[in-house]
Every structure is written in C-alpha cells, then in structure tokens.
Amino acid sequence: MTDTINPTLRLPAHIRTSKPYQPGKPIEALAREIGVEPQAIVKLASNENPLGMSDAARAALIDAGAELARYPDNDCHVLLDALSRKLDVPATWLVAGNGSECVLGLAATAFLEPGRHALYAQYSFMAFVNAVQRTGAVHKVVPALEYGCDLDAILAAIDDSTALVYVANPGNPTGSFVPGDVLERFIAAVPSHIPVLLDEAYYEYLPVDDHYDSLAWVRRFPNLIVTRTFSKAYGLAGLRVGYGVAQPSLAALLNRIRPAFVVTRQAECAAAAALDDEAFLARSCAVNHAGLAQLYAGFDTLGLNYLRSRANFVLVQVGDATTANARLLRQGVIVRPVGVYGLPEWLRISVGTEEENERCLAALGAALES
Ligand SMILES: Cc1ncc(COP(=O)(O)O)c(C=O)c1O
C-alpha cells in the first residue's frame with residue numbers, strides 16, 4: 001500500500017497528516033518472503049487467540065453462511081439479544097460494531113471536532129490516536145505513569161475543551177491495568193458532560209481477583225461507554241465483531257451515526273454462539289495464563305526486562321527492537337515492534353500455544369545472540 005498522497009488533492013490538514021495503521025505482518029506475506037510454507041510461521045503479533053474459535057462459533061458461522069445473498073440485519077437482533085441476556089442489560093443499551101474499533105471511532109465522530117480535544121494516556125492503543133486524528137480534534141496525550149494510565153493526571157488535564165476521554169483497561173501495548181476501585185473513582189470524578197470511553201478489549205482475560213463490574217458503572221454514569229470485543233478471548237478477530245454498552249440515549253446516538261450493515265449476519269451468529277461457549281472461554285483464559293508464565297520464565301532466562309501483563313500479550317525490552325525483529329522474521333516468527341508507540345527498545349509478543357511460545361523464545365534467544 002502506498003503512503004504517498006497526491007499533493008494536488010484538496011484535503012483537510014488532519015487527513016493529510018494522518019498515518020496508516022500498521023498491522024502485524026500477515027503470515028502469508030512472510031512465508032512468501034522467506035520461502036517457507038505458511039504453517040511454518042509463528043505469528044504472535046496481533047493479540048489473537050491461539051486456540052482459534054470455539055466449535056460452537058464455527059458451527060453457527062457455517063449455518064449462517066447460507067444467507068450471504070441477503071444484507072445483514074442492521075439492528076443486529078441476534079447478537080444484541082444474546083448480549084442482552086448475557087450481560088443483563090436491555091438491548092437498547094448496546095451498540096454493535098465491526099470490531100470494537102468501530103465503536104471507538106463512533107465515539108470520536110459523535111463528540112470530537114476541530115478545536116475540541118480528546119484525552120488519552122501516553123502508550124495508548126493506536127486506534128484511539130487514529131480515531132481522534134480523523135475528526136481533526138486536538139490530541140491531548142497525558143504522560144504515562146510506569147507505562148500505565150496516570151488517571152490523576154488525566155483528571156487534571158480536563159478543561160473546557162475536553163470532549164472525550166479514552167481509557168483502555170488493560171491497556172495495549174503495555175498490558176497495564178488500573179484496579180476497579182481506582183477506575184471507578186476516576187469515572188465518578190470526570191464531569192458528567194464529558195464522555196468516557198472505557199475500552200475493555202482484554203477484559204475476559206483478567207484474573208478473577210482483578211474483576212470489577214463496569215456495567216454497574218454504566219448504570220450509574222450517563223457519560224460512560226464500555227467497549228468489548230469478540231476478537232481476543234472469543235477467537236473471532238477475522239469476523240470483526242465488537243460492541244459498546246452505554247445508557248440508552250448515548251447508545252442511540254452512537255447507533256444513529258453507525259454506518260449501515262457493519263456487522264454481517266455470519267459475524268452476529270458466530271459471536272452469539274461464542275458468548276454461550278463458556279468452556280471455550282475458560283480454556284482460552286487458562287492457555288493465556290500458562291502462556292504468560294511461560295514467556296515470563298523464558299525472558300527471565302534470557303535476562304530480559306518485561307512488563308507483567310493482564311492481557312494476552314507482553315512487552316519485552318530487547319534493546320534494538322528493529323534489528324531483533326528482523327532476525328525473528330528471518331526465523332519465521334512474527335511479533336510486533338512498538339517503535340510507533342514511542343517504545344523503540346521493546347517488542348510486543350502475543351501469547352501463543354505452548355509450542356508457539358517455545359519457538360518464539362528460542363528464536364528470540366538466537367536473535368539476541370547473533
Ligand atoms: C486496546 C484495544 N482496544 C480495541 C481493540 C480493537 O479490537 P477489535 O476492533 O478487533 O474489536 C484492540 C485490538 O487490538 C485493542 O488492543
């Protein structure tokens with residue numbers, strides 16, 4: 001994809017200066033480059049579920065495949081009914097999107113404009129940055145505290161032009177976590193006319209001791225939007241399904257500006273089935289928990305500094321991450337360098353299966369030796 005824009009096009013400055021999202025390198029692309037079969041590649045770059053999707057989701061997806069000649073249900077009844085039952089919130093409190101990134105973007109579209117600003121922490125997920133950029137609003141980036149969100153500093157940065165606050169918990173790419181009681185006090189302290197989008201893409205992976213009830217906060221705070229996704233623990237990243245939860249007037253606003261038909265029937269049905277497959281979710285979390293421990297132990301053996309993570313990835317400090325990444329790629333291992341986040345010495349490694357983690361650690365050892 002070219003990154004050069006025709007200079008004669010009349011573009012708003014914020015569109016001209018926007019940057020393309022840099023996704024993890026596709027498996028097929030690396031396989032072609034280094035001349036191996038795709039099956040030989042280990043991809044731990046996009047925080048996907050190494051178990052794939054649940055059998056129940058696959059069966060629902062195949063069933064719904066017969067309906068591809070029809071437009072999807074724009075109101076996503078199958079998915080919203082399933083979520084409504086599961087989360088015990090009325091369907092009118094829900095916003096479905098093609099990935100939770102869609103809902104993050106709807107919030108930016110709804111609340112931001114040039115001259116107003118969005119607040120988020122340093123090292124926040126790049127989709128926040130890109131969503132704000134597309135609106136022409138001002139980015140107000142609050143310095144991180146030990147690689148995590150400094151919520152007091154975010155509160156202190158709020159002023160008359162603040163139009164939206166983004167917080168991810170856990171955060172990507174650092175895996176940082178703010179305990180529920182601290183987060184609740186923060187949300188209560190944000191003036192109620194300023195929307196707060198709490199991104200919980202990795203919520204399902206939280207250890208039981210860290211659980212908190214953000215949906216109870218949605219009931220209390222009319223300015224809160226909680227977003228979640230089926231891309232991570234539910235293993236459906238390729239189908240693109242996520243959702244937001246907010247009080248009905250806020251949910252209705254986001255639904256009003258949502259592009260039509262963004263969630264396919266197939267995605268809706270698979271996601272609804274995935275929600276009910278609790279055994280698969282529990283297995284995914286167990287594999288993730290064991291995989292994090294395996295990666296930490298491997299980094300300890302290699303003498304590498306890393307940040308303990310509450311999500312399905314971990315940030316490890318390797319020195320010259322560009323060189324280390326190139327050497328990993330040559331060994332068929334795809335991870336994510338995070339220089340674009342201002343972390344040029346670090347690699348973000350998604351948790352894989354035991355074998356994938358093993359291969360990644362061995363390749364990392366070799367990459368750092370050579
Ligand atoms: C913090 C965070 N939020 C949201 C998302 C978006 O996920 P999706 O659009 O696949 O739901 C991601 C994906 O990596 C993420 O890391």
# chains A, B, ... in the order shown; residues from 1 in each chain; ligands from 1

call {"tool": "select_by_dssp", "arguments": {"residues": "segment 88-190 of chain A", "states": "strand (DSSP E or B)", "output": "PyMOL selection string"}}
result
chain A and resi 94-97+117-121+138-142+145+148+162-168

call {"tool": "write_last_selection", "arguments": {"atoms": "C-alpha atoms", "output": "PDB file, in the first residue's frame"}}
result
ATOM      1  CA  LEU A  94     -25.967  -1.814  23.193  1.00  0.00           C
ATOM      2  CA  VAL A  95     -24.077  -0.714  20.092  1.00  0.00           C
ATOM      3  CA  ALA A  96     -22.719  -3.419  17.781  1.00  0.00           C
ATOM      4  CA  GLY A  97     -19.762  -2.711  15.552  1.00  0.00           C
ATOM      5  CA  HIS A 117      -9.719  17.811  22.381  1.00  0.00           C
ATOM      6  CA  ALA A 118      -9.600  14.150  23.267  1.00  0.00           C
ATOM      7  CA  LEU A 119      -7.609  12.983  26.263  1.00  0.00           C
ATOM      8  CA  TYR A 120      -5.777   9.685  26.466  1.00  0.00           C
ATOM      9  CA  ALA A 121      -2.667   8.296  28.126  1.00  0.00           C
ATOM     10  CA  VAL A 138      -6.668  18.007  19.220  1.00  0.00           C
ATOM     11  CA  HIS A 139      -4.809  15.078  20.812  1.00  0.00           C
ATOM     12  CA  LYS A 140      -4.036  15.713  24.458  1.00  0.00           C
ATOM     13  CA  VAL A 141      -1.696  12.913  25.462  1.00  0.00           C
ATOM     14  CA  VAL A 142      -1.113  12.542  29.196  1.00  0.00           C
ATOM     15  CA  LEU A 145       2.958   6.511  34.985  1.00  0.00           C
ATOM     16  CA  GLY A 148       0.264   2.737  32.602  1.00  0.00           C
ATOM     17  CA  THR A 162     -12.239  18.336  26.610  1.00  0.00           C
ATOM     18  CA  ALA A 163     -14.793  16.454  24.547  1.00  0.00           C
ATOM     19  CA  LEU A 164     -13.864  12.779  25.047  1.00  0.00           C
ATOM     20  CA  VAL A 165     -11.644  10.675  27.320  1.00  0.00           C
ATOM     21  CA  TYR A 166     -10.314   7.279  26.225  1.00  0.00           C
ATOM     22  CA  VAL A 167      -9.007   4.757  28.755  1.00  0.00           C
ATOM     23  CA  ALA A 168      -8.135   1.138  27.951  1.00  0.00           C
TER      24      ALA A 168
END

call {"tool": "residues_around", "arguments": {"residues": "Tyr205 of chain A", "least_positions_apart": "5", "cutoff": "9 Å", "atoms": "only C-alpha atoms", "output": "PDB file with N, CA and C atoms, in the first residue's frame"}}
result
ATOM      1  N   LYS A 232     -10.613 -11.181  20.740  1.00  0.00           N
ATOM      2  CA  LYS A 232      -9.489 -11.645  21.573  1.00  0.00           C
ATOM      3  C   LYS A 232      -9.843 -12.991  22.215  1.00  0.00           C
ATOM      4  N   ALA A 233     -10.361 -12.982  23.440  1.00  0.00           N
ATOM      5  CA  ALA A 233     -10.604 -14.253  24.136  1.00  0.00           C
ATOM      6  C   ALA A 233     -11.609 -15.136  23.392  1.00  0.00           C
ATOM      7  N   SER A 284      -9.455 -20.758  26.925  1.00  0.00           N
ATOM      8  CA  SER A 284      -8.645 -19.669  26.333  1.00  0.00           C
ATOM      9  C   SER A 284      -7.915 -18.899  27.431  1.00  0.00           C
ATOM     10  N   CYS A 285      -8.626 -18.634  28.524  1.00  0.00           N
ATOM     11  CA  CYS A 285      -8.008 -17.870  29.624  1.00  0.00           C
ATOM     12  C   CYS A 285      -6.915 -18.698  30.296  1.00  0.00           C
ATOM     13  N   ALA A 286      -7.169 -20.015  30.449  1.00  0.00           N
ATOM     14  CA  ALA A 286      -6.167 -20.874  31.088  1.00  0.00           C
ATOM     15  C   ALA A 286      -4.906 -20.954  30.225  1.00  0.00           C
ATOM     16  N   ASN A 288      -3.900 -18.766  28.149  1.00  0.00           N
ATOM     17  CA  ASN A 288      -3.247 -17.458  28.207  1.00  0.00           C
ATOM     18  C   ASN A 288      -2.441 -17.294  29.497  1.00  0.00           C
ATOM     19  N   HIS A 289      -3.048 -17.717  30.595  1.00  0.00           N
ATOM     20  CA  HIS A 289      -2.402 -17.597  31.900  1.00  0.00           C
ATOM     21  C   HIS A 289      -1.094 -18.407  31.903  1.00  0.00           C
ATOM     22  N   ARG A 310      -1.833  -7.976  32.069  1.00  0.00           N
ATOM     23  CA  ARG A 310      -3.136  -8.583  32.406  1.00  0.00           C
ATOM     24  C   ARG A 310      -3.860  -9.009  31.129  1.00  0.00           C
ATOM     25  N   ALA A 311      -3.187  -8.901  29.986  1.00  0.00           N
ATOM     26  CA  ALA A 311      -3.875  -9.172  28.721  1.00  0.00           C
ATOM     27  C   ALA A 311      -3.302 -10.445  28.076  1.00  0.00           C
ATOM     28  N   ASN A 312      -3.377 -10.562  26.757  1.00  0.00           N
ATOM     29  CA  ASN A 312      -2.875 -11.772  26.088  1.00  0.00           C
ATOM     30  C   ASN A 312      -1.619 -11.462  25.275  1.00  0.00           C
TER      31      ASN A 312
END

call {"tool": "closest_atom_pairs", "arguments": {"of": "chain A", "to": "ligand 1", "cutoff": "6 Å", "atoms": "only C-alpha atoms and all ligand atoms", "output": "CSV"}}
result
residue,atom,partner,partner_atom_place_in_ligand_line,distance
A:Gly99,CA,ligand 1,11 (O),3.5
A:Ser100,CA,ligand 1,11 (O),3.6
A:Glu101,CA,ligand 1,9 (O),3.7
A:Phe125,CA,ligand 1,1 (C),5.3
A:Ala168,CA,ligand 1,1 (C),5.5
A:Gly171,CA,ligand 1,1 (C),5.5
A:Asn172,CA,ligand 1,1 (C),4.7
A:Asp199,CA,ligand 1,3 (N),5.7
A:Ala201,CA,ligand 1,3 (N),4.8
A:Thr229,CA,ligand 1,11 (O),4.3
A:Ser231,CA,ligand 1,10 (O),4.7
A:Ala237,CA,ligand 1,10 (O),5.5
A:Arg240,CA,ligand 1,10 (O),5.9
A:Gly242,CA,ligand 1,11 (O),4.9

call {"tool": "write_last_selection", "arguments": {"atoms": "all heavy atoms", "output": "mmCIF file, in the first residue's frame"}}
result
data_model
loop_
_atom_site.group_PDB
_atom_site.id
_atom_site.type_symbol
_atom_site.label_atom_id
_atom_site.label_comp_id
_atom_site.auth_asym_id
_atom_site.auth_seq_id
_atom_site.Cartn_x
_atom_site.Cartn_y
_atom_site.Cartn_z
ATOM 1 N N GLY A 99 -15.996 -4.960 14.962
ATOM 2 C CA GLY A 99 -14.870 -4.791 15.868
ATOM 3 C C GLY A 99 -15.204 -3.671 16.843
ATOM 4 O O GLY A 99 -16.021 -2.789 16.545
ATOM 5 N N SER A 100 -14.581 -3.739 18.022
ATOM 6 C CA SER A 100 -14.837 -2.643 18.974
ATOM 7 C C SER A 100 -14.204 -1.361 18.460
ATOM 8 O O SER A 100 -14.598 -0.261 18.843
ATOM 9 C CB SER A 100 -14.336 -3.000 20.366
ATOM 10 O OG SER A 100 -12.969 -3.300 20.351
ATOM 11 N N GLU A 101 -13.240 -1.500 17.540
ATOM 12 C CA GLU A 101 -12.629 -0.291 16.972
ATOM 13 C C GLU A 101 -13.688 0.582 16.295
ATOM 14 O O GLU A 101 -13.603 1.810 16.299
ATOM 15 C CB GLU A 101 -11.526 -0.658 15.976
ATOM 16 C CG GLU A 101 -10.830 0.601 15.498
ATOM 17 C CD GLU A 101 -9.624 0.379 14.628
ATOM 18 O OE1 GLU A 101 -9.165 -0.773 14.515
ATOM 19 O OE2 GLU A 101 -9.146 1.376 14.061
ATOM 20 N N PHE A 125 -3.561 2.674 22.839
ATOM 21 C CA PHE A 125 -3.841 1.928 21.602
ATOM 22 C C PHE A 125 -3.929 2.891 20.419
ATOM 23 O O PHE A 125 -4.568 3.940 20.497
ATOM 24 C CB PHE A 125 -5.166 1.191 21.800
ATOM 25 C CG PHE A 125 -5.615 0.356 20.646
ATOM 26 C CD1 PHE A 125 -4.733 -0.425 19.918
ATOM 27 C CD2 PHE A 125 -6.958 0.323 20.311
ATOM 28 C CE1 PHE A 125 -5.177 -1.212 18.873
ATOM 29 C CE2 PHE A 125 -7.415 -0.462 19.267
ATOM 30 C CZ PHE A 125 -6.517 -1.225 18.547
ATOM 31 N N ALA A 168 -8.054 2.589 28.194
ATOM 32 C CA ALA A 168 -8.135 1.138 27.951
ATOM 33 C C ALA A 168 -7.655 0.417 29.202
ATOM 34 O O ALA A 168 -6.634 0.772 29.783
ATOM 35 C CB ALA A 168 -7.270 0.744 26.761
ATOM 36 N N GLY A 171 -4.439 -1.996 29.142
ATOM 37 C CA GLY A 171 -4.010 -1.173 28.013
ATOM 38 C C GLY A 171 -3.165 -1.970 27.027
ATOM 39 O O GLY A 171 -2.490 -2.921 27.391
ATOM 40 N N ASN A 172 -3.244 -1.568 25.780
ATOM 41 C CA ASN A 172 -2.401 -2.122 24.715
ATOM 42 C C ASN A 172 -1.562 -0.963 24.188
ATOM 43 O O ASN A 172 -2.159 0.073 23.870
ATOM 44 C CB ASN A 172 -3.312 -2.690 23.613
ATOM 45 C CG ASN A 172 -2.558 -3.144 22.385
ATOM 46 O OD1 ASN A 172 -1.351 -3.324 22.422
ATOM 47 N ND2 ASN A 172 -3.273 -3.313 21.289
ATOM 48 N N ASP A 199 -12.280 1.151 27.268
ATOM 49 C CA ASP A 199 -12.043 0.073 26.298
ATOM 50 C C ASP A 199 -11.598 -1.181 27.054
ATOM 51 O O ASP A 199 -10.521 -1.204 27.647
ATOM 52 C CB ASP A 199 -10.957 0.570 25.324
ATOM 53 C CG ASP A 199 -10.506 -0.494 24.344
ATOM 54 O OD1 ASP A 199 -10.680 -1.688 24.611
ATOM 55 O OD2 ASP A 199 -9.935 -0.110 23.311
ATOM 56 N N ALA A 201 -11.124 -4.384 25.755
ATOM 57 C CA ALA A 201 -10.910 -5.425 24.739
ATOM 58 C C ALA A 201 -10.344 -6.714 25.353
ATOM 59 O O ALA A 201 -10.559 -7.805 24.820
ATOM 60 C CB ALA A 201 -9.975 -4.912 23.645
ATOM 61 N N THR A 229 -14.941 -6.787 22.879
ATOM 62 C CA THR A 229 -14.763 -7.355 21.536
ATOM 63 C C THR A 229 -14.817 -8.878 21.543
ATOM 64 O O THR A 229 -14.552 -9.512 22.576
ATOM 65 C CB THR A 229 -13.404 -6.896 20.960
ATOM 66 O OG1 THR A 229 -13.268 -7.410 19.636
ATOM 67 C CG2 THR A 229 -12.218 -7.381 21.783
ATOM 68 N N SER A 231 -12.817 -10.289 19.345
ATOM 69 C CA SER A 231 -11.576 -10.550 18.605
ATOM 70 C C SER A 231 -10.502 -11.248 19.432
ATOM 71 O O SER A 231 -9.553 -11.778 18.871
ATOM 72 C CB SER A 231 -10.970 -9.229 18.121
ATOM 73 O OG SER A 231 -11.839 -8.555 17.265
ATOM 74 N N ALA A 237 -11.289 -12.707 15.696
ATOM 75 C CA ALA A 237 -10.725 -11.447 15.170
ATOM 76 C C ALA A 237 -11.051 -11.236 13.692
ATOM 77 O O ALA A 237 -11.339 -10.123 13.255
ATOM 78 C CB ALA A 237 -9.213 -11.421 15.387
ATOM 79 N N ARG A 240 -14.632 -9.672 12.780
ATOM 80 C CA ARG A 240 -14.856 -8.269 13.100
ATOM 81 C C ARG A 240 -16.192 -8.045 13.814
ATOM 82 O O ARG A 240 -17.174 -7.613 13.221
ATOM 83 C CB ARG A 240 -14.779 -7.372 11.832
ATOM 84 C CG ARG A 240 -13.606 -7.619 10.909
ATOM 85 C CD ARG A 240 -12.269 -7.428 11.613
ATOM 86 N NE ARG A 240 -12.117 -6.107 12.203
ATOM 87 C CZ ARG A 240 -11.845 -5.910 13.512
ATOM 88 N NH1 ARG A 240 -11.674 -6.922 14.356
ATOM 89 N NH2 ARG A 240 -11.713 -4.687 13.968
ATOM 90 N N GLY A 242 -17.587 -6.420 17.650
ATOM 91 C CA GLY A 242 -17.378 -5.868 18.979
ATOM 92 C C GLY A 242 -18.639 -5.123 19.361
ATOM 93 O O GLY A 242 -19.598 -5.053 18.588
#

call {"tool": "select_by_dssp", "arguments": {"residues": "segment 172-351 of chain A", "states": "alpha helix (DSSP H)", "output": "ChimeraX atom specification"}}
result
/A:180-189,214-220,248-257,265-276,278-302,321-330

call {"tool": "atom_distance", "arguments": {"atom1": "atom CA of Leu87 of chain A", "atom2": "atom CA of Ala216 of chain A"}}
result
10.4 Å

call {"tool": "closest_residue", "arguments": {"among": "A:Ser309, A:Gln294, A:Thr92, A:Gln317", "to": "Asn357 of chain A", "atoms": "only C-alpha atoms"}}
result
A:Gln294

call {"tool": "decode", "arguments": {"residues": "segment 284-296 of chain A", "atoms": "N, CA, C and O atoms", "output": "PDB file, in the first residue's frame"}}
result
ATOM      1  N   SER A 284      -9.455 -20.758  26.925  1.00  0.00           N
ATOM      2  CA  SER A 284      -8.645 -19.669  26.333  1.00  0.00           C
ATOM      3  C   SER A 284      -7.915 -18.899  27.431  1.00  0.00           C
ATOM      4  O   SER A 284      -6.739 -18.555  27.287  1.00  0.00           O
ATOM      5  N   CYS A 285      -8.626 -18.634  28.524  1.00  0.00           N
ATOM      6  CA  CYS A 285      -8.008 -17.870  29.624  1.00  0.00           C
ATOM      7  C   CYS A 285      -6.915 -18.698  30.296  1.00  0.00           C
ATOM      8  O   CYS A 285      -5.856 -18.165  30.645  1.00  0.00           O
ATOM      9  N   ALA A 286      -7.169 -20.015  30.449  1.00  0.00           N
ATOM     10  CA  ALA A 286      -6.167 -20.874  31.088  1.00  0.00           C
ATOM     11  C   ALA A 286      -4.906 -20.954  30.225  1.00  0.00           C
ATOM     12  O   ALA A 286      -3.774 -20.863  30.722  1.00  0.00           O
ATOM     13  N   VAL A 287      -5.091 -21.107  28.912  1.00  0.00           N
ATOM     14  CA  VAL A 287      -3.937 -21.176  27.992  1.00  0.00           C
ATOM     15  C   VAL A 287      -3.168 -19.854  28.061  1.00  0.00           C
ATOM     16  O   VAL A 287      -1.928 -19.820  28.069  1.00  0.00           O
ATOM     17  N   ASN A 288      -3.900 -18.766  28.149  1.00  0.00           N
ATOM     18  CA  ASN A 288      -3.247 -17.458  28.207  1.00  0.00           C
ATOM     19  C   ASN A 288      -2.441 -17.294  29.497  1.00  0.00           C
ATOM     20  O   ASN A 288      -1.304 -16.828  29.491  1.00  0.00           O
ATOM     21  N   HIS A 289      -3.048 -17.717  30.595  1.00  0.00           N
ATOM     22  CA  HIS A 289      -2.402 -17.597  31.900  1.00  0.00           C
ATOM     23  C   HIS A 289      -1.094 -18.407  31.903  1.00  0.00           C
ATOM     24  O   HIS A 289      -0.035 -17.908  32.284  1.00  0.00           O
ATOM     25  N   ALA A 290      -1.185 -19.654  31.420  1.00  0.00           N
ATOM     26  CA  ALA A 290       0.008 -20.515  31.384  1.00  0.00           C
ATOM     27  C   ALA A 290       1.038 -19.938  30.411  1.00  0.00           C
ATOM     28  O   ALA A 290       2.250 -19.965  30.669  1.00  0.00           O
ATOM     29  N   GLY A 291       0.557 -19.405  29.293  1.00  0.00           N
ATOM     30  CA  GLY A 291       1.471 -18.851  28.279  1.00  0.00           C
ATOM     31  C   GLY A 291       2.208 -17.624  28.788  1.00  0.00           C
ATOM     32  O   GLY A 291       3.412 -17.453  28.514  1.00  0.00           O
ATOM     33  N   LEU A 292       1.513 -16.787  29.541  1.00  0.00           N
ATOM     34  CA  LEU A 292       2.206 -15.612  30.109  1.00  0.00           C
ATOM     35  C   LEU A 292       3.326 -16.077  31.041  1.00  0.00           C
ATOM     36  O   LEU A 292       4.452 -15.566  30.978  1.00  0.00           O
ATOM     37  N   ALA A 293       2.998 -17.071  31.888  1.00  0.00           N
ATOM     38  CA  ALA A 293       4.015 -17.572  32.835  1.00  0.00           C
ATOM     39  C   ALA A 293       5.202 -18.152  32.066  1.00  0.00           C
ATOM     40  O   ALA A 293       6.372 -17.938  32.431  1.00  0.00           O
ATOM     41  N   GLN A 294       4.911 -18.863  30.973  1.00  0.00           N
ATOM     42  CA  GLN A 294       5.977 -19.458  30.155  1.00  0.00           C
ATOM     43  C   GLN A 294       6.864 -18.363  29.544  1.00  0.00           C
ATOM     44  O   GLN A 294       8.094 -18.457  29.562  1.00  0.00           O
ATOM     45  N   LEU A 295       6.234 -17.338  29.030  1.00  0.00           N
ATOM     46  CA  LEU A 295       7.011 -16.243  28.421  1.00  0.00           C
ATOM     47  C   LEU A 295       7.828 -15.514  29.478  1.00  0.00           C
ATOM     48  O   LEU A 295       9.017 -15.216  29.277  1.00  0.00           O
ATOM     49  N   TYR A 296       7.226 -15.238  30.641  1.00  0.00           N
ATOM     50  CA  TYR A 296       7.986 -14.556  31.707  1.00  0.00           C
ATOM     51  C   TYR A 296       9.226 -15.384  32.080  1.00  0.00           C
ATOM     52  O   TYR A 296      10.327 -14.841  32.223  1.00  0.00           O
TER      53      TYR A 296
END
